[in-house]
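*Asks:* Provided herewith: start_30.txt, compact mmCIF, C-alpha atoms.
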```txt
# COMPACT_ATOMS: atom_id res chain seq x y z
CA MET A 1 -39.76 37.80 179.63
CA ALA A 2 -41.12 41.05 180.95
CA ARG A 3 -41.90 44.10 178.83
CA VAL A 4 -39.92 47.00 180.33
CA LEU A 5 -40.04 50.52 178.92
CA VAL A 6 -38.53 53.75 180.24
CA GLN A 7 -39.83 56.58 178.10
CA GLU A 8 -40.93 60.22 178.01
CA ALA A 9 -44.13 59.52 176.11
CA ALA A 10 -47.44 58.68 177.73
CA PHE A 11 -48.75 55.12 177.47
CA ASP A 12 -52.12 53.48 176.90
CA LEU A 13 -53.41 51.26 179.70
CA ALA A 14 -56.13 49.71 177.52
CA ALA A 15 -53.66 48.82 174.78
CA GLU A 16 -51.23 47.30 177.28
CA THR A 17 -54.02 45.28 178.91
CA ALA A 18 -55.15 43.99 175.50
CA ALA A 19 -51.57 43.05 174.59
CA ALA A 20 -51.21 41.06 177.82
CA THR A 21 -54.07 38.74 176.88
CA ALA A 22 -53.90 38.77 173.07
CA GLY A 23 -53.92 35.32 171.54
CA ARG A 24 -54.02 33.50 174.90
CA VAL A 25 -56.72 31.49 176.65
CA ASP A 26 -54.75 30.65 179.81
CA VAL A 27 -55.05 34.09 181.45
CA GLY A 28 -57.47 34.17 184.37
CA GLY A 29 -56.74 37.65 185.65
CA VAL A 30 -54.96 40.87 184.84
CA ALA A 31 -53.90 43.28 187.61
CA SER A 32 -52.55 46.75 187.04
CA PHE A 33 -51.27 49.72 188.99
CA LEU A 34 -51.28 53.15 187.38
CA GLY A 35 -49.32 55.83 189.21
CA VAL A 36 -50.69 59.31 188.51
CA CYS A 37 -49.22 62.77 189.16
CA ARG A 38 -51.12 64.62 191.93
CA ALA A 39 -51.31 68.41 192.27
CA ASP A 40 -50.49 68.57 195.99
CA ASP A 41 -49.68 72.01 197.46
CA GLY A 42 -50.07 73.83 194.15
CA LEU A 43 -47.72 71.52 192.26
CA SER A 44 -47.59 72.43 188.57
CA ALA A 45 -45.35 69.61 187.30
CA LEU A 46 -43.15 66.69 188.31
CA VAL A 47 -39.80 66.33 186.58
CA LEU A 48 -38.44 62.79 186.69
CA GLU A 49 -34.73 62.21 186.24
CA HIS A 50 -33.33 58.73 185.61
CA TYR A 51 -30.03 56.98 184.99
CA PRO A 52 -30.17 55.78 181.36
CA GLY A 53 -28.96 52.21 181.21
CA MET A 54 -29.03 51.47 184.92
CA THR A 55 -32.72 52.32 185.26
CA GLU A 56 -33.76 49.85 182.55
CA ARG A 57 -31.48 47.17 184.02
CA ALA A 58 -32.79 47.71 187.54
CA ILE A 59 -36.42 47.44 186.41
CA ALA A 60 -35.69 44.34 184.31
CA ARG A 61 -34.11 42.74 187.38
CA ILE A 62 -37.13 43.57 189.56
CA ALA A 63 -39.47 42.18 186.88
CA ALA A 64 -37.39 39.01 186.63
CA GLU A 65 -37.68 38.63 190.41
CA ALA A 66 -41.48 38.93 190.13
CA GLU A 67 -41.54 36.33 187.36
CA SER A 68 -39.49 33.96 189.50
CA ARG A 69 -41.84 34.37 192.49
CA TRP A 70 -45.21 34.15 190.72
CA PRO A 71 -46.42 32.20 187.64
CA LEU A 72 -47.09 35.20 185.41
CA THR A 73 -48.29 34.98 181.82
CA ALA A 74 -47.48 38.66 181.26
CA CYS A 75 -45.49 41.33 183.12
CA THR A 76 -45.28 44.91 181.88
CA VAL A 77 -43.55 47.88 183.51
CA ILE A 78 -43.60 51.29 181.81
CA HIS A 79 -42.05 54.22 183.71
CA ARG A 80 -41.97 57.72 182.31
CA HIS A 81 -39.24 60.32 182.75
CA GLY A 82 -39.14 64.01 181.96
CA ARG A 83 -41.83 66.58 182.74
CA ILE A 84 -45.20 65.21 183.85
CA LEU A 85 -48.28 67.33 184.55
CA PRO A 86 -50.92 66.75 187.26
CA GLY A 87 -53.41 64.13 186.12
CA GLU A 88 -50.94 62.46 183.76
CA PRO A 89 -49.74 58.88 184.30
CA ILE A 90 -46.22 58.31 185.65
CA VAL A 91 -45.87 54.54 185.88
CA LEU A 92 -47.75 51.42 184.82
CA VAL A 93 -47.30 47.97 186.33
CA LEU A 94 -49.39 45.25 184.71
CA THR A 95 -49.36 41.57 185.54
CA ALA A 96 -51.37 38.64 184.25
CA SER A 97 -51.68 35.10 185.51
CA SER A 98 -54.00 32.10 185.43
CA HIS A 99 -55.29 33.06 188.87
CA ARG A 100 -55.91 36.39 190.54
CA ALA A 101 -53.71 36.00 193.62
CA ALA A 102 -50.49 35.75 191.61
CA ALA A 103 -51.41 38.73 189.42
CA LEU A 104 -52.45 40.93 192.37
CA GLU A 105 -49.49 40.03 194.58
CA ALA A 106 -46.93 40.41 191.79
CA CYS A 107 -48.38 43.80 190.86
CA ALA A 108 -48.08 45.05 194.47
CA PHE A 109 -44.57 43.64 194.76
CA LEU A 110 -43.44 45.34 191.55
CA ILE A 111 -44.58 48.83 192.50
CA ASP A 112 -43.20 48.46 196.04
CA TRP A 113 -39.77 47.46 194.76
CA LEU A 114 -39.79 50.02 191.93
CA LYS A 115 -40.29 52.76 194.51
CA THR A 116 -37.13 51.83 196.40
CA LYS A 117 -34.86 50.04 193.89
CA ALA A 118 -35.26 51.78 190.52
CA PRO A 119 -33.10 54.86 189.95
CA PHE A 120 -35.55 57.72 189.42
CA TRP A 121 -35.61 61.07 191.18
CA LYS A 122 -38.64 63.34 191.30
CA ARG A 123 -38.43 67.12 191.41
CA GLU A 124 -41.58 69.07 192.17
CA GLU A 125 -42.27 72.36 190.39
CA PHE A 126 -44.84 74.78 191.80
CA ALA A 127 -46.94 77.51 190.25
CA SER A 128 -45.01 80.03 192.39
CA GLY A 129 -41.80 79.13 190.54
CA ALA A 130 -40.41 77.27 193.55
CA HIS A 131 -39.12 73.73 193.16
CA ARG A 132 -37.83 70.99 195.41
CA TRP A 133 -36.53 67.43 195.21
CA VAL A 134 -38.84 64.81 196.64
CA GLU A 135 -37.33 63.03 199.65
CA ALA A 136 -37.44 59.25 200.00
CA LYS A 137 -40.14 58.06 202.42
CA ALA A 138 -39.61 55.56 205.24
CA GLU A 139 -43.01 53.99 204.50
CA ASP A 140 -41.79 53.09 201.00
CA ASP A 141 -38.88 51.18 202.57
CA THR A 142 -41.34 49.44 204.89
CA ALA A 143 -43.58 48.51 201.94
CA ALA A 144 -40.61 47.12 199.99
CA ALA A 145 -39.30 45.20 203.01
CA ARG A 146 -42.53 43.23 203.45
CA TRP A 147 -41.62 41.20 200.34
CA THR A 148 -38.17 40.25 201.61
CA GLY A 149 -37.96 36.53 202.16
CA ALA A 150 -41.55 35.99 201.03
CA ALA A 151 -41.87 33.55 198.16
CA MET B 1 -12.74 56.75 185.97
CA ARG B 2 -16.07 58.21 184.93
CA VAL B 3 -18.10 59.78 187.74
CA LEU B 4 -21.79 60.64 187.25
CA TYR B 5 -24.06 62.74 189.46
CA PHE B 6 -27.85 62.76 189.56
CA ALA B 7 -30.62 64.93 191.03
CA TRP B 8 -29.47 67.41 193.70
CA LEU B 9 -25.96 65.96 193.77
CA ARG B 10 -25.63 66.98 190.11
CA GLN B 11 -26.88 70.47 190.93
CA LYS B 12 -24.53 70.86 193.92
CA VAL B 13 -21.44 69.57 192.12
CA GLY B 14 -22.39 71.64 189.07
CA THR B 15 -21.82 68.93 186.48
CA ALA B 16 -23.54 65.71 185.38
CA GLU B 17 -20.30 63.83 184.82
CA GLU B 18 -16.55 64.15 185.02
CA ASP B 19 -13.52 62.01 184.23
CA VAL B 20 -11.22 61.69 187.23
CA SER B 21 -7.94 59.93 187.98
CA PRO B 22 -7.84 59.31 191.72
CA PRO B 23 -4.57 58.09 193.26
CA ALA B 24 -4.00 54.38 193.94
CA GLU B 25 -4.95 54.81 197.62
CA VAL B 26 -8.56 55.32 196.51
CA ARG B 27 -9.77 51.73 196.54
CA ASP B 28 -13.48 51.84 197.33
CA VAL B 29 -16.60 54.00 197.12
CA ALA B 30 -15.98 55.54 200.54
CA GLY B 31 -12.40 56.41 199.57
CA LEU B 32 -13.59 57.97 196.33
CA ILE B 33 -16.14 60.12 198.18
CA ALA B 34 -13.42 61.34 200.54
CA TRP B 35 -11.14 62.16 197.61
CA LEU B 36 -13.88 63.89 195.60
CA THR B 37 -14.96 65.90 198.66
CA ALA B 38 -11.51 67.50 198.75
CA ARG B 39 -11.66 68.53 195.08
CA SER B 40 -13.82 71.65 195.49
CA PRO B 41 -16.28 73.37 197.84
CA ALA B 42 -19.07 72.29 195.44
CA HIS B 43 -18.07 68.63 195.81
CA ALA B 44 -17.83 69.09 199.57
CA ALA B 45 -21.37 70.52 199.63
CA ALA B 46 -22.73 67.61 197.57
CA PHE B 47 -21.19 65.00 199.88
CA ALA B 48 -21.80 66.90 203.14
CA ASP B 49 -24.44 64.45 204.41
CA PRO B 50 -23.26 60.92 203.60
CA ARG B 51 -26.59 59.44 204.82
CA GLN B 52 -28.29 61.11 201.85
CA VAL B 53 -25.86 59.77 199.24
CA ARG B 54 -26.20 56.46 197.41
CA ALA B 55 -23.75 55.01 194.89
CA ALA B 56 -23.63 52.68 191.92
CA VAL B 57 -20.55 51.08 190.39
CA ASN B 58 -20.92 50.07 186.74
CA GLN B 59 -24.69 50.61 187.03
CA ASP B 60 -25.25 48.36 190.05
CA PHE B 61 -26.05 49.74 193.51
CA ALA B 62 -22.88 49.70 195.61
CA THR B 63 -22.10 49.96 199.33
CA PRO B 64 -19.29 52.24 200.65
CA ASP B 65 -16.87 49.29 200.82
CA HIS B 66 -17.42 48.34 197.16
CA PRO B 67 -14.10 48.48 195.25
CA VAL B 68 -13.55 51.05 192.49
CA ALA B 69 -10.99 50.87 189.67
CA ALA B 70 -9.70 53.10 186.88
CA ASN B 71 -12.15 52.00 184.18
CA ASP B 72 -15.27 51.99 186.35
CA GLU B 73 -18.36 54.13 185.93
CA VAL B 74 -19.29 55.36 189.40
CA ALA B 75 -22.53 57.24 190.03
CA PHE B 76 -23.67 59.23 193.07
CA PHE B 77 -27.29 60.15 193.77
CA PRO B 78 -29.85 60.66 196.56
CA PRO B 79 -32.16 57.85 197.71
CA VAL B 80 -34.46 57.02 194.78
CA THR B 81 -38.00 58.48 194.58
CA GLY B 82 -39.59 56.95 191.48
CA GLY B 83 -42.81 55.02 191.08
```
Would you mind writing the structure in this file as structure tokens?
*Replies:*
Amino acid sequence: MARVLVQEAAFDLAAETAAATAGRVDVGGVASFLGVCRADDGLSALVLEHYPGMTERAIARIAAEAESRWPLTACTVIHRHGRILPGEPIVLVLTASSHRAAALEACAFLIDWLKTKAPFWKREEFASGAHRWVEAKAEDDTAAARWTGAA
Amino acid sequence: MRVLYFAWLRQKVGTAEEDVSPPAEVRDVAGLIAWLTARSPAHAAAFADPRQVRAAVNQDFATPDHPVAANDEVAFFPPVTGG
């Protein structure tokens, strides 16, 4: 059963990593992806909107898909919403397994599918006062599609 | 029927949610979009480019031919950009 959190607060990668292995001796590897807010083009903040209820369900479904494809001993997804400043974390995907391949592949799968199948929308705010909604990228669809049909 | 809007669709329509009672001819997501578009210029602006609009019915992603009914929660939003 995956640990899925959608929250405004920041999270602690070290604490989540420790929790994924606590009390177990069958974990051979832990993989993680930490998405961080960049300050491209004078960006001053990202504001993430989500769909309360659906967002949690969609992530839980993606995590369940990962757990059905790879033998994971832990699977954690934490995605923030609200206002996020450059340098702050946005999303954490953490997977653990007896062997590295499953952990690494599941981690890549999770972030690829989160990008295209979890209802979040990013708005960029700039120091000038301007703001704009981020547009979906074709390369994210391509990245998500590479897992289709792969077991 | 409860209709929710997110991101720039919310801004263009001017509200995050509204309760609507479409006529019986409105049977699917595409029909609902057509009916909502005729409600106001703000709705028309939000739905002007159908390629940029995604939908969910009862919190599951839905295609234009997905049926809608009186007690459904239907959401409209742009392609997602999380992660």
*Asks:* Here is a test: counting all atoms listed in the file, which residue of B:Arg51, B:Phe77, B:His66, B:Asn71 is nearest to Leu32 (chain B)?
*Replies:* B:His66
*Asks:* What's around Gly129 (chain A) at 10 Å? Count only C-alpha atoms, leave out sequence neighbours fewer than 4 positions away in its own chain, and write the answer as a compact mmCIF listing (two decimals) with C-alpha atoms, in the coordinates of the input.
*Replies:*
```
# COMPACT_ATOMS: atom_id res chain seq x y z
CA LEU A 43 -47.72 71.52 192.26
CA SER A 44 -47.59 72.43 188.57
CA GLU A 125 -42.27 72.36 190.39
```
*Asks:* Can you list, as a list in words, every protein, DNA or RNA residue that comes within 12 Å of Ala48 (chain B) when you count only C-alpha atoms, leaving out same-chain residues fewer than 4 positions away?
*Replies:* Leu9, Lys12, Val13, Ile33, Ala34, Leu36, Thr37, Ala38, Pro41, Ala42, His43, Ala44, Gln52 and Val53 of chain B
*Asks:* Compute the set of chain A residues within 9 Å of chain B, using all atoms listed in the file, and express it as a PyMOL selection string.
*Replies:* chain A and resi 35+48-51+53-55+57-58+79+90-92+111-123+133-137
*Asks:* One number please: CA of Asp28 (chain B) to CA of Ser40 (chain B), in Å, one decimal.
*Replies:*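 Value for the CA of Asp28 (chain B)-CA of Ser40 (chain B) distance: 19.9 Å.
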*Asks:* If I take CA of Pro50 (chain B) and CA of Ala143 (chain A), how far is one from the other in Å, to one decimal?
*Replies:*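 Distance reported for this atom pair: 23.9 Å.
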*Asks:* Please, what distance in Å, to one decimal, runs between CA of Val26 (chain B) and CA of Arg2 (chain B)?
*Replies:*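 Between these atoms lies a distance of 14.1 Å.
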*Asks:* Around (-56.1, 46.1, 186.4), as given in the file, which residues come within 10 Å? Count only C-alpha atoms and list them as a ChimeraX atom specification.
*Replies:* /A:13-14,17,29-34,93-96,103-104,107
*Asks:* Could you check which of A:Leu85, A:Val6, A:Val36, A:Met1 is closest to Glu67 (chain A), using all atoms listed in the file?
*Replies:*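 Looking at the shortest contact to Glu67 (chain A), the residue is A:Met1.
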*Asks:* With distances taken over only C-alpha atoms, which residue among A:Val25, A:Leu46, A:Ala130, A:Arg146 lies nearest Arg83 (chain A)?
*Replies:*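 Distance minimum relative to Arg83 (chain A) lands on A:Leu46.
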*Asks:* For Val3 (chain B), which of B:Val29, B:Ala55, B:Val74, B:Ala62 is the closest residue, counting all atoms listed in the file?
*Replies:*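 Looking at the shortest contact to Val3 (chain B), the residue is B:Val74.
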*Asks:* Mind filling out region 52-69 of chain A with N, CA and C atoms and sending it as a PDB file, in the coordinates of the input?
*Replies:*
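File written: result-v1.pdb
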```
ATOM      1  N   PRO A  52     -30.007  56.609 182.557  1.00  0.00           N
ATOM      2  CA  PRO A  52     -30.170  55.780 181.360  1.00  0.00           C
ATOM      3  C   PRO A  52     -29.224  54.576 181.399  1.00  0.00           C
ATOM      4  N   GLY A  53     -29.765  53.434 181.115  1.00  0.00           N
ATOM      5  CA  GLY A  53     -28.960  52.210 181.210  1.00  0.00           C
ATOM      6  C   GLY A  53     -29.232  51.498 182.513  1.00  0.00           C
ATOM      7  N   MET A  54     -28.825  52.114 183.622  1.00  0.00           N
ATOM      8  CA  MET A  54     -29.030  51.470 184.920  1.00  0.00           C
ATOM      9  C   MET A  54     -30.504  51.337 185.249  1.00  0.00           C
ATOM     10  N   THR A  55     -31.302  52.357 184.914  1.00  0.00           N
ATOM     11  CA  THR A  55     -32.720  52.320 185.260  1.00  0.00           C
ATOM     12  C   THR A  55     -33.408  51.138 184.574  1.00  0.00           C
ATOM     13  N   GLU A  56     -33.164  50.970 183.279  1.00  0.00           N
ATOM     14  CA  GLU A  56     -33.760  49.850 182.550  1.00  0.00           C
ATOM     15  C   GLU A  56     -33.310  48.514 183.139  1.00  0.00           C
ATOM     16  N   ARG A  57     -32.015  48.419 183.443  1.00  0.00           N
ATOM     17  CA  ARG A  57     -31.480  47.170 184.020  1.00  0.00           C
ATOM     18  C   ARG A  57     -32.103  46.871 185.362  1.00  0.00           C
ATOM     19  N   ALA A  58     -32.240  47.908 186.190  1.00  0.00           N
ATOM     20  CA  ALA A  58     -32.790  47.710 187.540  1.00  0.00           C
ATOM     21  C   ALA A  58     -34.244  47.240 187.448  1.00  0.00           C
ATOM     22  N   ILE A  59     -35.020  47.845 186.544  1.00  0.00           N
ATOM     23  CA  ILE A  59     -36.420  47.440 186.410  1.00  0.00           C
ATOM     24  C   ILE A  59     -36.504  46.011 185.864  1.00  0.00           C
ATOM     25  N   ALA A  60     -35.677  45.699 184.881  1.00  0.00           N
ATOM     26  CA  ALA A  60     -35.690  44.340 184.310  1.00  0.00           C
ATOM     27  C   ALA A  60     -35.378  43.310 185.392  1.00  0.00           C
ATOM     28  N   ARG A  61     -34.476  43.661 186.292  1.00  0.00           N
ATOM     29  CA  ARG A  61     -34.110  42.740 187.380  1.00  0.00           C
ATOM     30  C   ARG A  61     -35.286  42.551 188.342  1.00  0.00           C
ATOM     31  N   ILE A  62     -35.974  43.644 188.664  1.00  0.00           N
ATOM     32  CA  ILE A  62     -37.130  43.570 189.560  1.00  0.00           C
ATOM     33  C   ILE A  62     -38.240  42.728 188.902  1.00  0.00           C
ATOM     34  N   ALA A  63     -38.447  42.947 187.605  1.00  0.00           N
ATOM     35  CA  ALA A  63     -39.470  42.180 186.880  1.00  0.00           C
ATOM     36  C   ALA A  63     -39.108  40.700 186.840  1.00  0.00           C
ATOM     37  N   ALA A  64     -37.827  40.410 186.641  1.00  0.00           N
ATOM     38  CA  ALA A  64     -37.390  39.010 186.630  1.00  0.00           C
ATOM     39  C   ALA A  64     -37.628  38.364 187.989  1.00  0.00           C
ATOM     40  N   GLU A  65     -37.417  39.140 189.047  1.00  0.00           N
ATOM     41  CA  GLU A  65     -37.680  38.630 190.410  1.00  0.00           C
ATOM     42  C   GLU A  65     -39.165  38.309 190.566  1.00  0.00           C
ATOM     43  N   ALA A  66     -40.036  39.187 190.060  1.00  0.00           N
ATOM     44  CA  ALA A  66     -41.480  38.930 190.130  1.00  0.00           C
ATOM     45  C   ALA A  66     -41.841  37.661 189.360  1.00  0.00           C
ATOM     46  N   GLU A  67     -41.238  37.507 188.183  1.00  0.00           N
ATOM     47  CA  GLU A  67     -41.540  36.330 187.360  1.00  0.00           C
ATOM     48  C   GLU A  67     -41.031  35.043 187.994  1.00  0.00           C
ATOM     49  N   SER A  68     -39.982  35.156 188.828  1.00  0.00           N
ATOM     50  CA  SER A  68     -39.490  33.960 189.500  1.00  0.00           C
ATOM     51  C   SER A  68     -40.347  33.616 190.724  1.00  0.00           C
ATOM     52  N   ARG A  69     -41.036  34.617 191.283  1.00  0.00           N
ATOM     53  CA  ARG A  69     -41.840  34.370 192.490  1.00  0.00           C
ATOM     54  C   ARG A  69     -43.270  33.954 192.185  1.00  0.00           C
TER      55      ARG A  69
END
```
